[in-house]
There are 2 protein chains.
Amino acid sequence: MSDMPTRNLQMLTLVKPDGHLELSLAEVPVQAPREDQVLVKVLAAPINPSDLGLLVGASDMTSAKATIINGHPGVVAEVSPIGMRAMAGRVGEAMPIGNEASGVVIATGSSPEAKALMGKTVAMLGGAMYAEYRTLPVQMVMPLPDGTSPRDGASCFVNPLTALGFVETVKMEGHKGIVHTAAASNLGQMLNRICIADDMPLINVVRNAAHVELLKGQGAKYVLDSTSETFMDDLTEMLVETGITCAFDAIGGGKLGSQIMTCMEAAAVKRMTEYSRYGSDTFKQLYVYGALDVSPTVLTRSFGFQWSVSGWLLTPFMAKAGPEVVGRMRARVVAELTTTFASHYSHEISLDEALNLDTLHAYNAKRTGEKYLILPHKGK
Amino acid sequence: MSDMPTRNLQMLTLVKPDGHLELSLAEVPVQAPREDQVLVKVLAAPINPSDLGLLVGASDMTSAKATIINGHPGVVAEVSPIGMRAMAGRVGEAMPIGNEASGVVIATGSSPEAKALMGKTVAMLGGAMYAEYRTLPVQMVMPLPDGTSPRDGASCFVNPLTALGFVETVKMEGHKGIVHTAAASNLGQMLNRICIADDMPLINVVRNAAHVELLKGQGAKYVLDSTSETFMDDLTEMLVETGITCAFDAIGGGKLGSQIMTCMEAAAVKRMTEYSRYGSDTFKQLYVYGALDVSPTVLTRSFGFQWSVSGWLLTPFMAKAGPEVVGRMRARVVAELTTTFASHYSHEISLDEALNLDTLHAYNAKRTGEKYLILPHKGK
């Protein structure tokens, strides 16, 4: 324990009672690992949309201003009264942030399970990962095969388990495949590789021609540009061909989800022999798992009465699926970490750089093809 | 079989390929009952919103014109191209109409089951009820206790089974009670009586002060006017008190459903001890079973990720619930026909009067408190 660090730099997000959001880096003590814990030097942590939900939350980022806090870059932004109400539960509490990361175990507690991890490269899930060091129970780390680079191990949980969770959900509920929106994302590319490997029909919906080419170049059979004039006709045709009745939507706002359900119903009606004013008897499911567009979801209900639109979130899904299914999903992620579950990062930044205002605006735009990786020890 | 009628006057709704809807009365032959069938003289048939979905469908009723067809009043209305697409499956087919009715069995087939129904007052479900006579299998009629008036037996199925279906759904899915919109309707009043009898919490949401008084006068504990300024605060308070997490919405369009879910989430958050950016872990369900407002459903998604908005329809519910549950529901309807399941009609009209243009506009407005009953032999 002689090389135990004493200082830990940690990112914090704080909503103040006066209606401001403050993002900062704070020096906090390193927690020594207890019996069943390990201390991990954090080497790489991705910025996922789910992290931004906590980092900037419901604040008004157009009002954001750069500042210096604790001798490090900081950001202050205004929060509207509506935003304050949405975040009422966190006012006054400086919250650490970062869902997942990879790193190396540099100290352990006394338990055999903890000691066995000494020196190992591990993947971690559990919050507070945008920091130089993280102390956590052995159950919350997953050892990676020797030689795995921290970059490859940084995104072992959120995107891979979400993509696998979609496939498991579809199987559990008896659907035949998936319509996926924002399909050119890291998550979308993973899902495409999973569906090709598992022979599950997947219709990828993207928002421009370049992304159509990107996914086709990765072997996707069905790719549609939602801005195309023939989008709904083309989608209906693919739905007739595949029989898909389940969609996962990362966008949330606007009419796209409703359009997909309308096309599913049109495909189902083509298979009907008798008219019903209630529409088809084919059950159609739309899962909303993201909010790239935070405006309201608009449902025209032009798809009969056999439908459901639901929120989808990884944690409750895993609780529902049970430990056996989740264990199988995790084992697959480790086995296929650099193939099926490979992530690509367009930018690698330090903790200080992560709170540079221009950089923050850039990753908060959540542009497909731009993915940021925080290296807390970059340049050190 | 000597008094067997030969002429049957039947209402028909036809979408013509040239973009017009035509409503008419046609003289059709009376079908003699086969072995397991009965011939019923139809005495009373309600006009439910679900009937109007077939009768006027997606036509433009502001363009409706009165005419004479087959020597009876008829109506012709225009259908927009969008309406034609929505009704593509029924173009060119003159469809009989009327989901349910009551009447007296005046002839039967040779089977013992059929013969046993001779002279009985029965309730019927199965379409084509806006007619003087209806021939149908014994399985589709339900004998009513001796002395039941046809008026009391006219609405044995659609509203009673729907209201009971809500209660069964809530029990099956582990919710604690119901939020109901358009709660002053005949269906809503029934649901109120059922929930009082079964001790199930019910929050009635109505659209004006008179309806608040109406339901309070019928013993409702929770009644809210959605046009009140304190609606959302009041609803949240009632949801905290009752723990209700399921709503049935007859309106469909607009923001009311989303507001109810937002209040359910606010009530759930009040019970939480720790902040989560994903919202509460309380699952919230909104069932859309009607379309009093045909505009799009607008969901703000300000209610976390643990939610579902789904279509609800009686027939698939009954298929899911199974014959035992449905049998129990039917038996209760018969036993409590003039109490719990009593319907009130503001207007009694003949078949000819049902196709009078002013009358059609009046019942098509689906105003709460106005309910039309067709008496096919009125004045004869």
# chains A, B, ... in the order shown; residues from 1 in each chain; ligands from 1
$ select_by_dssp --residues "range 257-350 of chain A" --states "helix (DSSP H, G or I)" --output "VMD selection string"
chain A and resid 257 to 270 314 to 321 323 to 335
$ interface_residues --of "chain B" --to "chain A" --cutoff "9 Å" --atoms "only C-alpha atoms" --output "PyMOL selection string"
chain B and resi 50+53-54+57+86-90+252-253+269+273-278+281+285+287-289+294-302+304-313+316
$ write_last_selection --atoms "N, CA and C atoms" --output "tab-separated table (two decimals), in the first residue's frame"
chain	number	residue	atom	x	y	z
B	50	SER	N	-68.23	3.42	-30.02
B	50	SER	CA	-67.63	2.41	-30.89
B	50	SER	C	-68.50	2.16	-32.13
B	53	GLY	N	-67.71	4.89	-34.68
B	53	GLY	CA	-66.45	4.63	-35.38
B	53	GLY	C	-66.66	3.89	-36.68
B	54	LEU	N	-67.70	3.06	-36.72
B	54	LEU	CA	-68.00	2.38	-37.99
B	54	LEU	C	-69.00	3.18	-38.81
B	57	GLY	N	-67.14	6.80	-39.28
B	57	GLY	CA	-65.73	6.53	-39.55
B	57	GLY	C	-64.92	7.80	-39.73
B	86	ALA	N	-57.52	5.69	-44.53
B	86	ALA	CA	-57.80	5.05	-43.24
B	86	ALA	C	-58.88	3.98	-43.36
B	87	MET	N	-59.80	4.17	-44.34
B	87	MET	CA	-60.92	3.23	-44.47
B	87	MET	C	-60.77	2.34	-45.70
B	88	ALA	N	-59.55	2.24	-46.23
B	88	ALA	CA	-59.31	1.50	-47.48
B	88	ALA	C	-59.91	0.09	-47.43
B	89	GLY	N	-59.85	-0.54	-46.25
B	89	GLY	CA	-60.29	-1.92	-46.13
B	89	GLY	C	-61.78	-2.12	-46.29
B	90	ARG	N	-62.59	-1.05	-46.25
B	90	ARG	CA	-64.05	-1.20	-46.29
B	90	ARG	C	-64.69	-0.55	-47.52
B	252	GLY	N	-58.01	10.40	-25.35
B	252	GLY	CA	-56.98	10.03	-26.33
B	252	GLY	C	-56.11	11.18	-26.77
B	253	GLY	N	-56.71	12.20	-27.40
B	253	GLY	CA	-55.93	13.31	-27.93
B	253	GLY	C	-55.53	14.31	-26.87
B	269	VAL	N	-42.29	10.30	-6.71
B	269	VAL	CA	-41.04	10.95	-6.29
B	269	VAL	C	-41.15	11.41	-4.84
B	273	THR	N	-36.45	8.36	-1.41
B	273	THR	CA	-35.50	8.90	-0.44
B	273	THR	C	-34.23	9.37	-1.13
B	274	GLU	N	-33.99	8.92	-2.39
B	274	GLU	CA	-32.74	9.26	-3.07
B	274	GLU	C	-33.04	9.79	-4.47
B	275	TYR	N	-32.28	10.80	-4.93
B	275	TYR	CA	-32.50	11.35	-6.25
B	275	TYR	C	-32.04	10.40	-7.35
B	276	SER	N	-32.83	10.26	-8.40
B	276	SER	CA	-32.38	9.53	-9.58
B	276	SER	C	-32.72	10.35	-10.80
B	277	ARG	N	-31.74	10.55	-11.69
B	277	ARG	CA	-32.01	11.32	-12.91
B	277	ARG	C	-32.95	10.58	-13.85
B	278	TYR	N	-33.17	9.28	-13.60
B	278	TYR	CA	-34.09	8.51	-14.42
B	278	TYR	C	-35.51	8.56	-13.88
B	281	ASP	N	-38.81	4.66	-9.56
B	281	ASP	CA	-38.88	3.29	-10.06
B	281	ASP	C	-40.32	2.76	-9.99
B	285	GLN	N	-48.99	3.27	-15.76
B	285	GLN	CA	-49.66	2.77	-16.97
B	285	GLN	C	-50.82	3.68	-17.35
B	287	TYR	N	-53.86	3.65	-20.13
B	287	TYR	CA	-54.56	2.94	-21.19
B	287	TYR	C	-55.47	3.91	-21.94
B	288	VAL	N	-55.34	3.96	-23.25
B	288	VAL	CA	-56.20	4.78	-24.10
B	288	VAL	C	-57.25	3.86	-24.69
B	289	TYR	N	-58.53	4.06	-24.30
B	289	TYR	CA	-59.58	3.16	-24.78
B	289	TYR	C	-60.60	3.88	-25.66
B	294	VAL	N	-59.79	13.27	-31.36
B	294	VAL	CA	-59.02	12.49	-32.34
B	294	VAL	C	-57.67	13.12	-32.67
B	295	SER	N	-57.34	14.25	-32.06
B	295	SER	CA	-56.02	14.86	-32.30
B	295	SER	C	-54.94	13.99	-31.66
B	296	PRO	N	-53.65	14.23	-32.00
B	296	PRO	CA	-52.59	13.37	-31.48
B	296	PRO	C	-52.47	13.41	-29.95
B	297	THR	N	-52.03	12.30	-29.40
B	297	THR	CA	-51.66	12.21	-27.99
B	297	THR	C	-50.29	12.86	-27.84
B	298	VAL	N	-50.18	13.79	-26.90
B	298	VAL	CA	-48.92	14.52	-26.71
B	298	VAL	C	-48.32	14.14	-25.35
B	299	LEU	N	-47.19	13.45	-25.40
B	299	LEU	CA	-46.54	12.98	-24.17
B	299	LEU	C	-45.29	13.79	-23.91
B	300	THR	N	-45.24	14.48	-22.76
B	300	THR	CA	-44.04	15.27	-22.46
B	300	THR	C	-42.91	14.40	-21.93
B	301	ARG	N	-43.21	13.17	-21.55
B	301	ARG	CA	-42.22	12.24	-20.98
B	301	ARG	C	-41.55	12.83	-19.73
B	302	SER	N	-42.27	13.66	-19.01
B	302	SER	CA	-41.74	14.22	-17.76
B	302	SER	C	-42.13	13.29	-16.62
B	304	GLY	N	-40.11	10.11	-15.99
B	304	GLY	CA	-39.11	9.05	-15.87
B	304	GLY	C	-39.13	8.06	-17.02
B	305	PHE	N	-38.66	6.85	-16.74
B	305	PHE	CA	-38.59	5.83	-17.78
B	305	PHE	C	-39.44	4.61	-17.47
B	306	GLN	N	-40.13	4.64	-16.33
B	306	GLN	CA	-40.93	3.49	-15.92
B	306	GLN	C	-42.40	3.75	-16.23
B	307	TRP	N	-42.76	3.67	-17.50
B	307	TRP	CA	-44.13	3.98	-17.89
B	307	TRP	C	-44.50	3.27	-19.17
B	308	SER	N	-45.79	3.18	-19.39
B	308	SER	CA	-46.30	2.60	-20.62
B	308	SER	C	-47.62	3.28	-20.95
B	309	VAL	N	-47.79	3.60	-22.22
B	309	VAL	CA	-49.05	4.12	-22.75
B	309	VAL	C	-49.53	3.10	-23.78
B	310	SER	N	-50.73	2.56	-23.59
B	310	SER	CA	-51.16	1.45	-24.44
B	310	SER	C	-52.60	1.62	-24.88
B	311	GLY	N	-52.94	1.05	-26.02
B	311	GLY	CA	-54.33	0.94	-26.42
B	311	GLY	C	-55.02	-0.12	-25.56
B	312	TRP	N	-56.32	0.08	-25.30
B	312	TRP	CA	-57.09	-0.92	-24.56
B	312	TRP	C	-58.39	-1.15	-25.30
B	313	LEU	N	-58.69	-2.42	-25.55
B	313	LEU	CA	-59.89	-2.76	-26.30
B	313	LEU	C	-60.50	-4.00	-25.65
B	316	PRO	N	-59.74	-8.03	-27.19
B	316	PRO	CA	-58.47	-8.68	-26.81
B	316	PRO	C	-58.32	-8.85	-25.31
$ closest_residue --among "A:Ala331, A:Leu25, A:Ile374, A:Ile203" --to "Thr67 in chain A" --atoms "only C-alpha atoms"
A:Leu25
$ residues_around --residues "Met329 in chain B" --least-positions-apart "5" --cutoff "10 Å" --atoms "only C-alpha atoms" --output "PDB file with C-alpha atoms, in the first residue's frame"
ATOM      1  CA  PHE B 157     -72.110  -5.815 -23.031  1.00  0.00           C
ATOM      2  CA  PRO B 160     -70.608  -3.044 -18.461  1.00  0.00           C
ATOM      3  CA  LEU B 161     -67.898  -5.429 -19.669  1.00  0.00           C
ATOM      4  CA  THR B 162     -65.555  -2.516 -20.440  1.00  0.00           C
ATOM      5  CA  ALA B 163     -65.992  -1.064 -16.937  1.00  0.00           C
ATOM      6  CA  LEU B 164     -65.525  -4.482 -15.343  1.00  0.00           C
ATOM      7  CA  GLY B 165     -62.572  -5.058 -17.700  1.00  0.00           C
ATOM      8  CA  GLU B 168     -59.963  -6.791 -13.776  1.00  0.00           C
ATOM      9  CA  MET B 318     -61.484 -10.820 -22.852  1.00  0.00           C
ATOM     10  CA  PRO B 323     -63.552 -17.673 -20.278  1.00  0.00           C
ATOM     11  CA  GLU B 324     -63.721 -18.073 -16.492  1.00  0.00           C
ATOM     12  CA  VAL B 334     -77.141  -9.840 -15.435  1.00  0.00           C
TER      13      VAL B 334
END
$ residues_around --residues "Gly147 in chain A" --least-positions-apart "4" --cutoff "12 Å" --atoms "only C-alpha atoms" --output "list in words"
Val104, Gly119, Lys120, Thr121, Val122, Pro143, Arg151, Asp152, Gly153 and Thr338 of chain A
$ write_last_selection --atoms "all heavy atoms" --output "PDB file, in the first residue's frame"
ATOM      1  N   VAL A 104      -6.993   0.191 -13.630  1.00  0.00           N
ATOM      2  CA  VAL A 104      -6.147  -0.873 -13.093  1.00  0.00           C
ATOM      3  C   VAL A 104      -6.257  -0.857 -11.572  1.00  0.00           C
ATOM      4  O   VAL A 104      -6.228   0.218 -10.955  1.00  0.00           O
ATOM      5  CB  VAL A 104      -4.677  -0.661 -13.533  1.00  0.00           C
ATOM      6  CG1 VAL A 104      -3.758  -1.627 -12.782  1.00  0.00           C
ATOM      7  CG2 VAL A 104      -4.532  -0.854 -15.033  1.00  0.00           C
ATOM      8  N   GLY A 119      -3.575  -5.546  -9.572  1.00  0.00           N
ATOM      9  CA  GLY A 119      -2.837  -5.378 -10.834  1.00  0.00           C
ATOM     10  C   GLY A 119      -3.653  -5.635 -12.087  1.00  0.00           C
ATOM     11  O   GLY A 119      -3.187  -5.390 -13.208  1.00  0.00           O
ATOM     12  N   LYS A 120      -4.894  -6.071 -11.909  1.00  0.00           N
ATOM     13  CA  LYS A 120      -5.720  -6.424 -13.070  1.00  0.00           C
ATOM     14  C   LYS A 120      -6.330  -5.173 -13.735  1.00  0.00           C
ATOM     15  O   LYS A 120      -6.659  -4.195 -13.055  1.00  0.00           O
ATOM     16  CB  LYS A 120      -6.891  -7.319 -12.631  1.00  0.00           C
ATOM     17  CG  LYS A 120      -6.476  -8.687 -12.133  1.00  0.00           C
ATOM     18  CD  LYS A 120      -6.383  -9.673 -13.285  1.00  0.00           C
ATOM     19  CE  LYS A 120      -6.125 -11.081 -12.754  1.00  0.00           C
ATOM     20  NZ  LYS A 120      -5.685 -11.999 -13.825  1.00  0.00           N
ATOM     21  N   THR A 121      -6.498  -5.265 -15.020  1.00  0.00           N
ATOM     22  CA  THR A 121      -7.317  -4.282 -15.727  1.00  0.00           C
ATOM     23  C   THR A 121      -8.782  -4.687 -15.554  1.00  0.00           C
ATOM     24  O   THR A 121      -9.125  -5.856 -15.771  1.00  0.00           O
ATOM     25  CB  THR A 121      -6.954  -4.237 -17.218  1.00  0.00           C
ATOM     26  OG1 THR A 121      -5.588  -3.819 -17.335  1.00  0.00           O
ATOM     27  CG2 THR A 121      -7.848  -3.267 -17.981  1.00  0.00           C
ATOM     28  N   VAL A 122      -9.598  -3.737 -15.130  1.00  0.00           N
ATOM     29  CA  VAL A 122     -11.001  -4.059 -14.840  1.00  0.00           C
ATOM     30  C   VAL A 122     -11.938  -3.036 -15.499  1.00  0.00           C
ATOM     31  O   VAL A 122     -11.547  -1.901 -15.774  1.00  0.00           O
ATOM     32  CB  VAL A 122     -11.287  -4.068 -13.313  1.00  0.00           C
ATOM     33  CG1 VAL A 122     -10.525  -5.193 -12.618  1.00  0.00           C
ATOM     34  CG2 VAL A 122     -10.956  -2.710 -12.688  1.00  0.00           C
ATOM     35  N   PRO A 143     -13.218  -8.165 -14.136  1.00  0.00           N
ATOM     36  CA  PRO A 143     -11.847  -8.272 -14.650  1.00  0.00           C
ATOM     37  C   PRO A 143     -11.857  -8.535 -16.154  1.00  0.00           C
ATOM     38  O   PRO A 143     -12.687  -9.291 -16.655  1.00  0.00           O
ATOM     39  CB  PRO A 143     -11.267  -9.463 -13.884  1.00  0.00           C
ATOM     40  CG  PRO A 143     -12.418 -10.194 -13.303  1.00  0.00           C
ATOM     41  CD  PRO A 143     -13.577  -9.259 -13.228  1.00  0.00           C
ATOM     42  N   ARG A 151      -8.748   1.629 -23.098  1.00  0.00           N
ATOM     43  CA  ARG A 151      -9.675   2.214 -24.079  1.00  0.00           C
ATOM     44  C   ARG A 151     -10.734   1.190 -24.504  1.00  0.00           C
ATOM     45  O   ARG A 151     -11.911   1.499 -24.613  1.00  0.00           O
ATOM     46  CB  ARG A 151      -8.917   2.675 -25.318  1.00  0.00           C
ATOM     47  CG  ARG A 151      -8.240   4.010 -25.175  1.00  0.00           C
ATOM     48  CD  ARG A 151      -7.435   4.342 -26.415  1.00  0.00           C
ATOM     49  NE  ARG A 151      -6.711   5.592 -26.235  1.00  0.00           N
ATOM     50  CZ  ARG A 151      -5.574   5.713 -25.559  1.00  0.00           C
ATOM     51  NH1 ARG A 151      -5.016   4.651 -24.977  1.00  0.00           N
ATOM     52  NH2 ARG A 151      -4.993   6.894 -25.433  1.00  0.00           N
ATOM     53  N   ASP A 152     -10.289  -0.028 -24.772  1.00  0.00           N
ATOM     54  CA  ASP A 152     -11.233  -1.060 -25.219  1.00  0.00           C
ATOM     55  C   ASP A 152     -12.200  -1.454 -24.101  1.00  0.00           C
ATOM     56  O   ASP A 152     -13.325  -1.882 -24.372  1.00  0.00           O
ATOM     57  CB  ASP A 152     -10.480  -2.308 -25.690  1.00  0.00           C
ATOM     58  CG  ASP A 152      -9.789  -2.096 -27.027  1.00  0.00           C
ATOM     59  OD1 ASP A 152     -10.212  -1.181 -27.763  1.00  0.00           O
ATOM     60  OD2 ASP A 152      -8.823  -2.821 -27.326  1.00  0.00           O
ATOM     61  N   GLY A 153     -11.758  -1.319 -22.859  1.00  0.00           N
ATOM     62  CA  GLY A 153     -12.592  -1.768 -21.743  1.00  0.00           C
ATOM     63  C   GLY A 153     -13.464  -0.691 -21.133  1.00  0.00           C
ATOM     64  O   GLY A 153     -14.239  -0.965 -20.208  1.00  0.00           O
ATOM     65  N   THR A 338     -13.534  -6.574 -28.375  1.00  0.00           N
ATOM     66  CA  THR A 338     -12.864  -5.808 -29.445  1.00  0.00           C
ATOM     67  C   THR A 338     -13.484  -6.086 -30.810  1.00  0.00           C
ATOM     68  O   THR A 338     -13.019  -5.575 -31.819  1.00  0.00           O
ATOM     69  CB  THR A 338     -11.369  -6.135 -29.490  1.00  0.00           C
ATOM     70  OG1 THR A 338     -11.214  -7.546 -29.708  1.00  0.00           O
ATOM     71  CG2 THR A 338     -10.697  -5.750 -28.181  1.00  0.00           C
TER      72      THR A 338
END
$ select_by_dssp --residues "range 113-215 of chain A" --states "strand (DSSP E)" --output "VMD selection string"
chain A and resid 121 to 125 133 to 137 141 to 143 178 to 181 202 to 206
$ write_last_selection --atoms "N, CA, C and O atoms" --output "mmCIF file, in the first residue's frame"
data_model
loop_
_atom_site.group_PDB
_atom_site.id
_atom_site.type_symbol
_atom_site.label_atom_id
_atom_site.label_comp_id
_atom_site.auth_asym_id
_atom_site.auth_seq_id
_atom_site.Cartn_x
_atom_site.Cartn_y
_atom_site.Cartn_z
ATOM 1 N N THR A 121 -6.498 -5.265 -15.020
ATOM 2 C CA THR A 121 -7.317 -4.282 -15.727
ATOM 3 C C THR A 121 -8.782 -4.687 -15.554
ATOM 4 O O THR A 121 -9.125 -5.856 -15.771
ATOM 5 N N VAL A 122 -9.598 -3.737 -15.130
ATOM 6 C CA VAL A 122 -11.001 -4.059 -14.840
ATOM 7 C C VAL A 122 -11.938 -3.036 -15.499
ATOM 8 O O VAL A 122 -11.547 -1.901 -15.774
ATOM 9 N N ALA A 123 -13.166 -3.476 -15.730
ATOM 10 C CA ALA A 123 -14.245 -2.569 -16.138
ATOM 11 C C ALA A 123 -15.118 -2.327 -14.916
ATOM 12 O O ALA A 123 -15.295 -3.232 -14.094
ATOM 13 N N MET A 124 -15.657 -1.111 -14.806
ATOM 14 C CA MET A 124 -16.422 -0.739 -13.601
ATOM 15 C C MET A 124 -17.742 -0.078 -13.988
ATOM 16 O O MET A 124 -17.806 0.673 -14.958
ATOM 17 N N LEU A 125 -18.763 -0.344 -13.181
ATOM 18 C CA LEU A 125 -20.065 0.321 -13.326
ATOM 19 C C LEU A 125 -20.504 0.761 -11.942
ATOM 20 O O LEU A 125 -20.410 -0.016 -11.001
ATOM 21 N N TYR A 133 -9.340 8.334 -9.272
ATOM 22 C CA TYR A 133 -9.361 7.052 -8.558
ATOM 23 C C TYR A 133 -10.787 6.724 -8.130
ATOM 24 O O TYR A 133 -11.600 7.616 -7.934
ATOM 25 N N ARG A 134 -11.042 5.421 -7.977
ATOM 26 C CA ARG A 134 -12.380 5.001 -7.554
ATOM 27 C C ARG A 134 -12.225 3.769 -6.669
ATOM 28 O O ARG A 134 -11.603 2.779 -7.058
ATOM 29 N N THR A 135 -12.798 3.831 -5.473
ATOM 30 C CA THR A 135 -12.806 2.688 -4.552
ATOM 31 C C THR A 135 -14.197 2.075 -4.589
ATOM 32 O O THR A 135 -15.190 2.798 -4.434
ATOM 33 N N LEU A 136 -14.258 0.761 -4.826
ATOM 34 C CA LEU A 136 -15.590 0.153 -4.927
ATOM 35 C C LEU A 136 -15.546 -1.344 -4.637
ATOM 36 O O LEU A 136 -14.477 -1.959 -4.657
ATOM 37 N N PRO A 137 -16.718 -1.948 -4.318
ATOM 38 C CA PRO A 137 -16.775 -3.374 -3.969
ATOM 39 C C PRO A 137 -16.385 -4.251 -5.157
ATOM 40 O O PRO A 137 -16.621 -3.873 -6.316
ATOM 41 N N VAL A 141 -16.826 -4.570 -10.100
ATOM 42 C CA VAL A 141 -15.809 -4.554 -11.148
ATOM 43 C C VAL A 141 -15.858 -5.881 -11.906
ATOM 44 O O VAL A 141 -16.300 -6.895 -11.377
ATOM 45 N N MET A 142 -15.450 -5.824 -13.154
ATOM 46 C CA MET A 142 -15.413 -7.026 -13.988
ATOM 47 C C MET A 142 -13.997 -7.127 -14.549
ATOM 48 O O MET A 142 -13.574 -6.252 -15.311
ATOM 49 N N PRO A 143 -13.218 -8.165 -14.136
ATOM 50 C CA PRO A 143 -11.847 -8.272 -14.650
ATOM 51 C C PRO A 143 -11.857 -8.535 -16.154
ATOM 52 O O PRO A 143 -12.687 -9.291 -16.655
ATOM 53 N N ILE A 178 -36.207 -6.008 -34.705
ATOM 54 C CA ILE A 178 -36.137 -4.668 -34.125
ATOM 55 C C ILE A 178 -36.096 -3.594 -35.206
ATOM 56 O O ILE A 178 -35.376 -3.736 -36.189
ATOM 57 N N VAL A 179 -36.859 -2.528 -35.001
ATOM 58 C CA VAL A 179 -36.614 -1.271 -35.707
ATOM 59 C C VAL A 179 -35.844 -0.391 -34.733
ATOM 60 O O VAL A 179 -36.270 -0.219 -33.585
ATOM 61 N N HIS A 180 -34.699 0.158 -35.151
ATOM 62 C CA HIS A 180 -33.882 0.963 -34.258
ATOM 63 C C HIS A 180 -33.650 2.345 -34.862
ATOM 64 O O HIS A 180 -33.311 2.455 -36.030
ATOM 65 N N THR A 181 -33.866 3.395 -34.047
ATOM 66 C CA THR A 181 -33.629 4.755 -34.540
ATOM 67 C C THR A 181 -32.283 5.272 -34.029
ATOM 68 O O THR A 181 -31.718 4.713 -33.093
ATOM 69 N N LEU A 202 -33.159 -6.629 -38.354
ATOM 70 C CA LEU A 202 -32.967 -5.290 -37.786
ATOM 71 C C LEU A 202 -33.151 -4.259 -38.888
ATOM 72 O O LEU A 202 -32.491 -4.328 -39.921
ATOM 73 N N ILE A 203 -34.075 -3.326 -38.668
ATOM 74 C CA ILE A 203 -34.237 -2.205 -39.596
ATOM 75 C C ILE A 203 -33.617 -0.982 -38.940
ATOM 76 O O ILE A 203 -34.078 -0.516 -37.896
ATOM 77 N N ASN A 204 -32.535 -0.471 -39.536
ATOM 78 C CA ASN A 204 -31.807 0.678 -39.005
ATOM 79 C C ASN A 204 -32.391 1.960 -39.586
ATOM 80 O O ASN A 204 -32.415 2.131 -40.804
ATOM 81 N N VAL A 205 -32.859 2.868 -38.714
ATOM 82 C CA VAL A 205 -33.377 4.153 -39.178
ATOM 83 C C VAL A 205 -32.365 5.234 -38.788
ATOM 84 O O VAL A 205 -32.034 5.381 -37.607
ATOM 85 N N VAL A 206 -31.865 5.959 -39.790
ATOM 86 C CA VAL A 206 -30.877 7.015 -39.547
ATOM 87 C C VAL A 206 -31.406 8.322 -40.128
ATOM 88 O O VAL A 206 -32.496 8.356 -40.710
#
